[in-house]
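**Student:** Here you go, this is final.cif (mmCIF, C-alpha atoms).
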```
data_run
loop_
_atom_site.label_atom_id
_atom_site.label_comp_id
_atom_site.auth_asym_id
_atom_site.auth_seq_id
_atom_site.Cartn_x
_atom_site.Cartn_y
_atom_site.Cartn_z
CA THR A 203 48.49 20.69 -24.02
CA GLU A 204 47.46 24.35 -24.42
CA ALA A 205 50.63 25.08 -26.40
CA LEU A 206 49.84 22.18 -28.72
CA VAL A 207 46.32 23.49 -29.35
CA ARG A 208 47.60 26.98 -30.14
CA ALA A 209 50.46 25.69 -32.31
CA PRO A 210 50.16 26.39 -36.08
CA VAL A 211 49.37 23.54 -38.46
CA PRO A 212 52.60 21.95 -39.70
CA ARG A 213 53.50 22.80 -43.28
CA GLU A 214 53.46 19.14 -44.40
CA LEU A 215 49.81 18.81 -43.26
CA VAL A 216 48.52 21.98 -44.92
CA ASP A 217 48.02 20.32 -48.33
CA VAL A 218 46.73 17.08 -46.80
CA LEU A 219 44.08 18.79 -44.63
CA GLY A 220 43.25 21.48 -47.12
CA VAL A 221 43.56 24.26 -44.55
CA GLU A 222 45.46 27.48 -44.53
CA PRO A 223 47.21 28.65 -41.34
CA GLN A 224 45.73 31.86 -39.94
CA SER A 225 47.38 34.55 -37.95
CA SER A 226 46.36 35.10 -34.33
CA LEU A 227 44.42 38.24 -35.29
CA LYS A 228 42.44 36.46 -37.97
CA ALA A 229 41.78 33.53 -35.63
CA LYS A 230 40.47 35.93 -32.97
CA ALA A 231 38.25 37.68 -35.50
CA PHE A 232 36.88 34.32 -36.68
CA THR A 233 36.13 33.23 -33.09
CA GLU A 234 34.28 36.45 -32.31
CA ALA A 235 32.23 36.22 -35.51
CA PHE A 236 31.40 32.58 -34.79
CA LEU A 237 30.20 33.41 -31.27
CA ARG A 238 28.07 36.31 -32.51
CA LYS A 239 26.25 33.98 -34.86
CA SER A 240 26.00 31.16 -32.33
CA ILE A 241 24.62 33.16 -29.40
CA LYS A 242 20.92 33.97 -29.88
CA ARG A 243 20.89 37.17 -27.84
CA PRO A 244 24.40 38.67 -27.83
CA GLU A 245 23.09 41.96 -26.43
CA ARG A 246 22.41 40.29 -23.08
CA PHE A 247 26.04 39.22 -22.64
CA ASP A 248 29.39 40.95 -22.45
CA LEU A 249 31.01 39.24 -25.43
CA GLN A 250 34.46 40.62 -24.70
CA ASN A 251 34.25 39.35 -21.12
CA MET A 252 33.10 35.92 -22.29
CA LEU A 253 36.04 35.64 -24.68
CA SER A 254 38.50 36.39 -21.92
CA HIS A 255 37.60 33.07 -20.23
CA LYS A 256 39.23 29.85 -21.27
CA ALA A 257 36.02 27.84 -21.02
CA LEU A 258 32.56 28.74 -22.30
CA ILE A 259 29.52 26.90 -20.92
CA LEU A 260 26.73 26.69 -23.43
CA GLY A 261 23.22 26.52 -21.97
CA TYR A 262 21.19 23.40 -22.66
CA ASN A 263 17.59 22.75 -21.78
CA ARG A 264 16.46 19.14 -21.68
CA PRO A 265 13.23 18.48 -23.53
CA ARG A 266 10.34 18.00 -21.18
CA LYS A 267 8.91 14.53 -20.99
CA GLU A 268 5.24 14.34 -21.60
CA LYS A 269 3.38 13.03 -18.58
CA ARG A 270 1.42 9.94 -19.32
CA LYS A 271 -2.17 10.31 -18.38
CA GLY A 272 -2.76 6.92 -16.84
CA THR A 273 -6.24 5.80 -16.01
CA LYS A 274 -6.30 4.67 -12.39
CA ALA A 275 -8.51 1.69 -11.81
CA LYS A 276 -11.42 2.56 -9.57
CA GLY A 277 -12.81 0.03 -7.15
CA LEU A 278 -16.45 -0.80 -6.70
CA ASN A 279 -18.49 1.29 -4.30
CA ALA A 280 -20.79 -0.21 -1.66
CA ARG A 281 -23.86 0.02 -3.87
CA GLN A 282 -22.18 -1.74 -6.78
CA LYS A 283 -20.93 -4.48 -4.45
CA ARG A 284 -24.45 -5.06 -3.20
CA GLU A 285 -25.84 -5.17 -6.74
CA LEU A 286 -23.18 -7.65 -7.85
CA LYS A 287 -23.66 -9.65 -4.62
CA VAL A 288 -19.93 -9.70 -4.02
CA PHE A 289 -20.25 -10.78 -0.38
CA GLU A 290 -23.06 -13.27 -0.89
CA ILE A 291 -22.22 -16.91 -0.19
CA LYS A 292 -24.11 -19.17 -2.58
CA PRO A 293 -26.35 -21.85 -0.99
CA GLU A 294 -24.27 -24.68 -2.46
CA HIS A 295 -21.21 -23.23 -0.70
CA GLN A 296 -22.87 -22.94 2.70
CA ARG A 297 -21.41 -26.20 3.97
CA TYR A 298 -19.57 -26.56 7.27
CA GLU A 299 -17.05 -29.08 5.96
CA LEU A 300 -15.91 -26.70 3.20
CA PHE A 301 -14.63 -24.24 5.82
CA LEU A 302 -12.85 -26.72 8.08
CA PRO A 303 -9.50 -26.21 6.24
CA LEU A 304 -9.92 -22.45 6.83
CA HIS A 305 -10.41 -23.16 10.54
CA GLU A 306 -7.20 -25.21 10.68
CA LEU A 307 -5.29 -22.37 9.01
CA TRP A 308 -6.75 -19.92 11.52
CA ARG A 309 -5.75 -22.12 14.48
CA GLN A 310 -2.14 -22.24 13.28
CA TYR A 311 -2.19 -18.50 12.65
CA ILE A 312 -3.34 -17.77 16.22
CA ILE A 313 -0.83 -20.21 17.74
CA ASP A 314 2.00 -18.49 15.87
CA LEU A 315 0.64 -15.06 16.78
CA CYS A 316 0.52 -15.91 20.48
CA SER A 317 3.94 -17.61 20.50
CA GLY A 318 2.60 -21.12 20.97
CA LEU A 319 -0.24 -20.53 23.47
CA LYS A 320 1.61 -22.30 26.28
CA PRO A 321 0.02 -22.94 29.70
CA THR A 322 2.42 -20.35 31.09
CA SER A 323 1.26 -17.69 28.61
CA ASN A 324 0.01 -14.43 30.09
CA PRO A 325 -3.80 -14.37 29.58
CA GLN A 326 -3.94 -10.58 29.33
CA ALA A 327 -1.19 -10.52 26.68
CA VAL A 328 -3.00 -13.22 24.69
CA GLN A 329 -6.28 -11.32 24.98
CA GLN A 330 -4.70 -8.13 23.64
CA LYS A 331 -3.34 -10.00 20.62
CA LEU A 332 -6.71 -11.63 19.98
CA LEU A 333 -8.44 -8.25 19.99
CA LYS A 334 -6.40 -7.24 16.93
CA ALA A 335 -6.33 -10.64 15.24
CA ASP A 336 -8.26 -11.72 12.16
CA PHE A 337 -11.06 -14.10 13.14
CA HIS A 338 -12.02 -15.46 9.71
CA GLY A 339 -11.99 -19.23 10.24
CA ALA A 340 -12.48 -19.15 14.01
CA ILE A 341 -15.17 -21.27 15.67
CA ILE A 342 -17.15 -18.83 17.79
CA THR A 343 -20.05 -19.50 20.15
CA VAL A 344 -22.61 -17.00 21.44
CA VAL A 345 -22.57 -17.34 25.24
CA ARG A 346 -24.56 -14.23 26.15
CA SER A 347 -26.94 -12.02 24.23
CA LYS A 348 -29.89 -9.71 24.78
CA CYS A 349 -31.65 -11.86 22.18
CA PRO A 350 -32.04 -15.34 23.78
CA SER A 351 -32.42 -17.06 20.40
CA TYR A 352 -28.75 -16.33 19.58
CA VAL A 353 -27.37 -17.97 22.76
CA GLY A 354 -25.72 -21.32 22.01
CA THR A 355 -25.29 -20.62 18.29
CA SER A 356 -21.88 -21.88 17.19
CA GLY A 357 -20.05 -22.12 13.90
CA ILE A 358 -17.10 -21.12 11.76
CA LEU A 359 -16.78 -17.40 11.12
CA VAL A 360 -16.79 -16.94 7.34
CA GLN A 361 -17.42 -13.19 7.05
CA GLU A 362 -16.90 -10.29 9.43
CA PHE A 363 -18.48 -6.90 8.86
CA LYS A 364 -18.49 -3.81 11.02
CA HIS A 365 -21.62 -4.74 12.95
CA VAL A 366 -22.23 -8.46 12.31
CA PHE A 367 -20.56 -11.88 12.16
CA LYS A 368 -21.60 -14.41 9.54
CA ILE A 369 -21.04 -18.01 10.61
CA ILE A 370 -21.67 -21.46 9.15
CA THR A 371 -23.09 -23.92 11.68
CA LYS A 372 -22.55 -27.68 11.74
CA GLU A 373 -26.08 -27.96 10.33
CA ASP A 374 -24.85 -26.14 7.19
CA LYS A 375 -26.84 -23.02 7.97
CA LEU A 376 -25.63 -19.46 7.47
CA LYS A 377 -26.31 -17.36 10.55
CA VAL A 378 -25.94 -13.59 10.87
CA ILE A 379 -25.14 -12.59 14.47
CA PRO A 380 -25.03 -8.90 15.48
CA LYS A 381 -21.94 -7.95 17.45
CA ARG A 382 -23.66 -5.46 19.71
CA SER A 383 -25.22 -6.85 22.89
CA SER A 384 -23.53 -10.24 22.40
CA VAL A 385 -20.62 -12.06 24.03
CA PHE A 386 -18.71 -14.68 22.03
CA ALA A 387 -16.43 -17.47 23.22
CA VAL A 388 -13.43 -18.64 21.21
CA GLU A 389 -11.47 -21.77 22.18
CA ILE A 390 -7.93 -22.46 20.98
CA ASN A 391 -5.93 -25.37 22.42
CA GLY A 392 -7.83 -25.30 25.71
CA PHE A 393 -7.51 -21.51 26.03
CA VAL A 394 -11.00 -19.92 26.10
CA SER A 395 -11.34 -16.23 25.33
CA HIS A 396 -14.52 -14.18 25.63
CA ILE A 397 -15.10 -11.42 23.12
CA TYR A 398 -17.51 -8.58 23.79
CA GLY A 399 -19.12 -7.79 20.46
CA SER A 400 -19.70 -4.16 21.39
CA ARG A 401 -15.91 -3.68 21.42
CA PHE A 402 -15.63 -5.42 18.08
CA GLU A 403 -17.80 -3.02 16.11
CA HIS A 404 -15.00 -2.31 13.68
CA ARG A 405 -13.92 -3.83 10.42
CA ALA A 406 -11.15 -6.40 10.75
CA SER A 407 -8.68 -4.14 8.93
CA GLU A 408 -9.51 -1.18 11.21
CA ARG A 409 -9.35 -3.24 14.40
CA SER A 410 -5.76 -4.31 13.74
CA ALA A 411 -4.58 -0.70 14.12
CA LYS A 412 -6.88 0.27 17.01
CA LYS A 413 -5.75 0.59 20.61
CA PHE A 414 -8.08 -1.11 23.06
CA LYS A 415 -8.39 -0.06 26.68
CA VAL A 416 -8.64 -2.70 29.38
CA ARG A 417 -11.90 -2.37 31.27
CA GLY A 418 -13.09 -4.11 34.39
CA THR A 419 -16.66 -4.84 33.31
CA ILE A 420 -18.57 -4.26 30.11
CA ASP A 421 -22.34 -4.05 29.96
CA LEU A 422 -24.26 -5.75 27.21
#
```
Please go through the file and, once you have read it, give me the structure as structure tokens.

**Tutor:**
Amino acid sequence: TEALVRAPVPRELVDVLGVEPQSSLKAKAFTEAFLRKSIKRPERFDLQNMLSHKALILGYNRPRKEKRKGTKAKGLNARQKRELKVFEIKPEHQRYELFLPLHELWRQYIIDLCSGLKPTSNPQAVQQKLLKADFHGAIITVVRSKCPSYVGTSGILVQEFKHVFKIITKEDKLKVIPKRSSVFAVEINGFVSHIYGSRFEHRASERSAKKFKVRGTIDL
């Protein structure tokens, strides 16, 4: 292949191509002159050394891509949410029957989470799973509280905040129950679990990643 490249142009192609065969000296002089013009800074390189190599790597810099300045969508802060009443449930929506389908979905979610809630299920294992579960849709009942007026209140949990539960009672009333100093009962398929609100003073998303310690007794 190299011999073919270095071979002179055949005589019959000289007139067709319009070229004139050059001697090796003239070809070398042409190559050196071409490289001098092509290289921007020949003084930085040893031209004679470069020509002694069979291959010459020409530097190439890719054009830089302009970074797109994207505008990241910012969420609402707590003050804006309060002003827009994002978490407010309108009076016409405060109806117990509207949240019954949510309760049925929650029941199925808990049954799947606890592997069927069989009579042979380990109560402690079920309790640990419930501590990290989402309770939106659960029917909870206040069984103990430092405020006697809360005891006996029962309804579907529609909103959970860090310090309070919001429930809809069968009388279509929205009740706000503080978690602290209250004990709640949750019943699923005959399995009754008691939740100490003081241990639940976390947002639902934070509670799912929290490690709870088993304690013998908990004071209200």

**Student:** Calculated over all atoms listed in the file, which of the candidates A:Ile313, A:Leu302, A:Leu319, A:Ala327 has the smallest distance to Ile370 (chain A)?

**Tutor:**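 Comparing A:Ile313, A:Leu302, A:Leu319, A:Ala327 against Ile370 (chain A), the winner is A:Leu302.
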
**Student:** Mind telling me what the PyMOL selection byres ((chain A and resi 389) around 10) catches here, as an MDAnalysis selection string?

**Tutor:** chainID A and resid 309 340:343 387:388 390:396

**Student:** For Ser383 (chain A), which of A:Leu300, A:Ile312, A:Cys349, A:Ala231 is the closest residue, counting only C-alpha atoms?

**Tutor:**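 Among A:Leu300, A:Ile312, A:Cys349, A:Ala231, it is A:Cys349 that comes nearest to Ser383 (chain A).
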
**Student:** Name the residues captured by the PyMOL selection byres ((chain A and resi 374) around 7) when it is applied to the shown file; answer as a CSV table (one decimal) with C-alpha atoms, in the frame of the given file.

**Tutor:**
```csv
chain,number,residue,atom,x,y,z
A,296,GLN,CA,-22.9,-22.9,2.7
A,297,ARG,CA,-21.4,-26.2,4.0
A,298,TYR,CA,-19.6,-26.6,7.3
A,370,ILE,CA,-21.7,-21.5,9.2
A,371,THR,CA,-23.1,-23.9,11.7
A,372,LYS,CA,-22.6,-27.7,11.7
A,373,GLU,CA,-26.1,-28.0,10.3
A,375,LYS,CA,-26.8,-23.0,8.0
A,376,LEU,CA,-25.6,-19.5,7.5
```

**Student:** Nearest to His305 (chain A): which of A:Gly339, A:Pro212, A:Gly318, A:Pro293 is it, counting all atoms listed in the file?

**Tutor:**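 Of A:Gly339, A:Pro212, A:Gly318, A:Pro293, the one nearest His305 (chain A), counting all atoms listed in the file, is A:Gly339.
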
**Student:** Please enumerate the residues selected by the PyMOL selection byres ((chain A and resi 337) around 8) when evaluated against the supplied file, formatted as a PyMOL selection string.

**Tutor:** chain A and resi 308+335-336+338-340+359+362

**Student:** Please report the interatomic distance between CA of Val288 (chain A) and CA of Ser347 (chain A) in Å with one decimal.

**Tutor:** 29.2 Å
